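Q: First, the structure itself, so that you have it in front of you.
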Amino acid sequence: MHRLLFVFLDGVGLGPSGPQNPLSTSAGPAFRELGGGAPWTRALPERQSPHHLVRPLDATLGVEGLPQSGTGQATLFTGVNCAERVGRHFGPFPHSATHEVLDQENLFHHVQELAPAPAPTAFANAFPPQFFEASSRRWTVTTRCCAGADVSLRTLDTLQAHRAVAADLTADGWREALGLNVPPRSPADAAEHLVATHRNHALTLFEHFQTDKVGHGRIDLAPEVLLARLDRFLKRLLDLLDPAQDTLLVTSDHGNIEDARHTQHTRNPVPLLVHGWAAPYFADAQDLTDVTPGIVAALRAANRR
Ligand SMILES: [Zn+2]
């Protein structure tokens, strides 16, 4: 079975190298391996081979102003230019003009139409009890996609059973901010739990948004500490995945963390890194609208084999 693991990193752009860019000064081995040997900066060389692709994607979507998560993620997870649909960049939550496409035609729907398997799609993030209780719950782009396509949201129990992953990888936030009893896990543990879920589905999505929070200066974590954690997570994923059967796709919705001189988003391109059999399906990808069609085309072709 051919599978694809989509690791979405919020707020990671390709900026100029230099002391202001933690992606250039703190590029660990897994970041470099995914980048074809180079750190993730504006100078990242494009690369294309049967099992590996490296490209920049335009995140501005032809719309002026700073890209935002609501429209950027909606575009990434539907293939529809949602910034154009709204008429501006909007976020962090999805704009009402994008609700219909998110509810009815998102990446999960497209993959479910292809695959005969009982559960072709999964969202690996775990959500705390507080999320399910909140009467004023605000649906993010990804949770809205899940609700629209009947993809279940994973819970505290699933996290404790190692069948889900905390968005921050280590579940520190679950213990410290929420006071929940979740044993600490390393980034490598999180990667193992994610791969265990990935093995049961044609498409598994995982969303990590601490990169954007660190870029905004909203959490007390140095960029290099977070990037080292992410590097250990990505390294373990690369060790566990078989490129003949598994594809790891990593991309983002807009820049942020790559410019430590300010705490805003950027108009920089974002990296598209595809490691595994599906790489050739992204050879012509130019911007955020091209990710969903590439995933669907790859899984459609894999189904026919
Ligand atoms: Zn942001």
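Every chain in the structure tokens has a letter given in the order shown (A, B, ...), and although residue numbers restart at 1 in each chain, ligands are simply numbered from 1 in the order shown.
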Using only C-alpha atoms and all ligand atoms, which protein or nucleic acid residues are at most 9 Å from ligand 1, as an mmCIF file with C-alpha atoms, in the first residue's frame?
A:
```
data_model
loop_
_atom_site.group_PDB
_atom_site.id
_atom_site.type_symbol
_atom_site.label_atom_id
_atom_site.label_comp_id
_atom_site.auth_asym_id
_atom_site.auth_seq_id
_atom_site.Cartn_x
_atom_site.Cartn_y
_atom_site.Cartn_z
ATOM 1 C CA ASP A 10 2.592 26.690 10.424
ATOM 2 C CA GLY A 11 4.603 29.837 9.703
ATOM 3 C CA PRO A 67 -0.528 35.950 4.074
ATOM 4 C CA GLN A 68 -2.617 34.589 6.952
ATOM 5 C CA SER A 69 -3.378 31.093 8.218
ATOM 6 C CA GLY A 91 -6.919 34.507 9.629
ATOM 7 C CA PRO A 92 -6.094 32.751 11.745
ATOM 8 C CA PHE A 209 1.768 25.355 14.900
ATOM 9 C CA THR A 211 6.654 27.368 14.654
ATOM 10 C CA ASP A 212 4.155 30.181 14.030
ATOM 11 C CA LYS A 213 3.703 30.871 17.761
ATOM 12 C CA GLY A 215 7.605 33.487 15.231
ATOM 13 C CA HIS A 216 4.937 35.683 16.856
ATOM 14 C CA HIS A 254 3.181 31.378 5.094
ATOM 15 C CA GLY A 255 6.469 32.639 6.469
ATOM 16 C CA ASN A 256 7.084 33.843 10.022
ATOM 17 C CA THR A 263 6.940 38.977 15.052
ATOM 18 C CA GLN A 264 4.751 39.163 11.946
ATOM 19 C CA HIS A 265 4.108 36.874 9.022
#
```
Q: Taking only stretch 57-260 of chain A into account, list the residues labelled alpha helix (DSSP H) by DSSP (computed from the backbone), as a ChimeraX atom specification.
A: /A:69-76,82-86,99-104,107-114,129-133,141-148,156-160,172-176,187-198,210-215,223-240
Q: From the set A:Leu61, A:Leu159, A:Thr292, A:Phe93, which residue has the shortest atom-to-atom contact distance to A:Asn81, counting only C-alpha atoms?
A: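 Of A:Leu61, A:Leu159, A:Thr292, A:Phe93, the one nearest A:Asn81 is A:Leu61, counting only C-alpha atoms.
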Q: Check the DSSP output for the backbone and give back, as a PyMOL selection string, the residues of stretch 33-276 of chain A in strand (DSSP E or B).
A: chain A and resi 47-49+52-58+121-123+125-126+154+165+203-208+246-251+255+266+270-276
Q: Please list as a list in words every residue within 7 Å of stretch 47-53 of chain A, counting only C-alpha atoms and excluding residues in the same chain fewer than 6 positions away.
A: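 Listing them by chain and then by number gives Pro243, Leu273, Val274, His275, Gly276, Trp277, Ala279 and Pro280 of chain A.
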Q: For the residues in that selection, give me C-alpha atoms as a PDB file, in the first residue's frame.
A:
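That gives us part.pdb:
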```pdb
ATOM      1  CA  PRO A 243      10.422   5.825   0.480  1.00  0.00           C
ATOM      2  CA  LEU A 273       9.661  19.028   0.667  1.00  0.00           C
ATOM      3  CA  VAL A 274       8.509  15.654  -0.585  1.00  0.00           C
ATOM      4  CA  HIS A 275      10.460  12.568   0.454  1.00  0.00           C
ATOM      5  CA  GLY A 276       9.259   9.258  -1.019  1.00  0.00           C
ATOM      6  CA  TRP A 277       7.466   7.723  -4.002  1.00  0.00           C
ATOM      7  CA  ALA A 279       7.757  13.192  -5.260  1.00  0.00           C
ATOM      8  CA  PRO A 280       7.228  13.284  -9.064  1.00  0.00           C
TER       9      PRO A 280
END
```
Q: Skip stretch 169-183 of chain A itself and residues of its chain fewer than 4 positions away, then list as a list in words all residues within 9 Å of it, counting only C-alpha atoms.
A: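 Returned residues: Pro128, Gln130, Leu156, Leu159, Gln160, Val165, Pro187, Ala188, Asp189, Ala190, Ala191, His208, Arg229, Leu230 and Phe233 of chain A.
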Q: What is the atom CA of A:Leu44 to atom CA of A:Leu205 distance in Å?
A: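 These atoms are spaced 24.7 Å apart.
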Q: Contacts of stretch 107-112 of chain A at 8 Å or less, counting only C-alpha atoms, minus same-chain residues fewer than 2 places along, as a VMD selection string?
A: chain A and resid 77 to 79 104 to 105 114 to 116 119 to 121 145 to 146 149 151 202 to 203 292 296 299
Q: Tell me, as a list in words, which residues lie within 12 Å of A:Arg32, counting only C-alpha atoms; anything in the same chain fewer than 6 positions away does not count.
A: Leu23, Ser24, Thr25, Ser26, Ala38, Pro39, Trp40, Thr41, Leu44, Pro45, Val54, Asp231, Leu234, Lys235, Leu238 and Leu273 of chain A
Q: Pick out the residues sitting within 10 Å of A:Val80, and hand them over as a ChimeraX atom specification; count only C-alpha atoms, and ignore anything fewer than 5 positions along from it in its own chain.
A: /A:71-72,74-75,85,98,101-102,105-106,288-290,292-293
Q: Taking only C-alpha atoms into account, which of A:Asp168, A:Leu5, A:Ala59, A:Gln210 comes nearest A:Thr197?
A: A:Leu5
Q: What separation in Å, quoted to one decimal, exists between atom CA of A:Phe127 and atom CA of A:Thr155?
A: 5.2 Å
Q: Considering only C-alpha atoms, can you say which of A:Ala222, A:Ala228, A:Ile295, A:Ala134 comes closest to A:Thr247?
A: A:Ile295
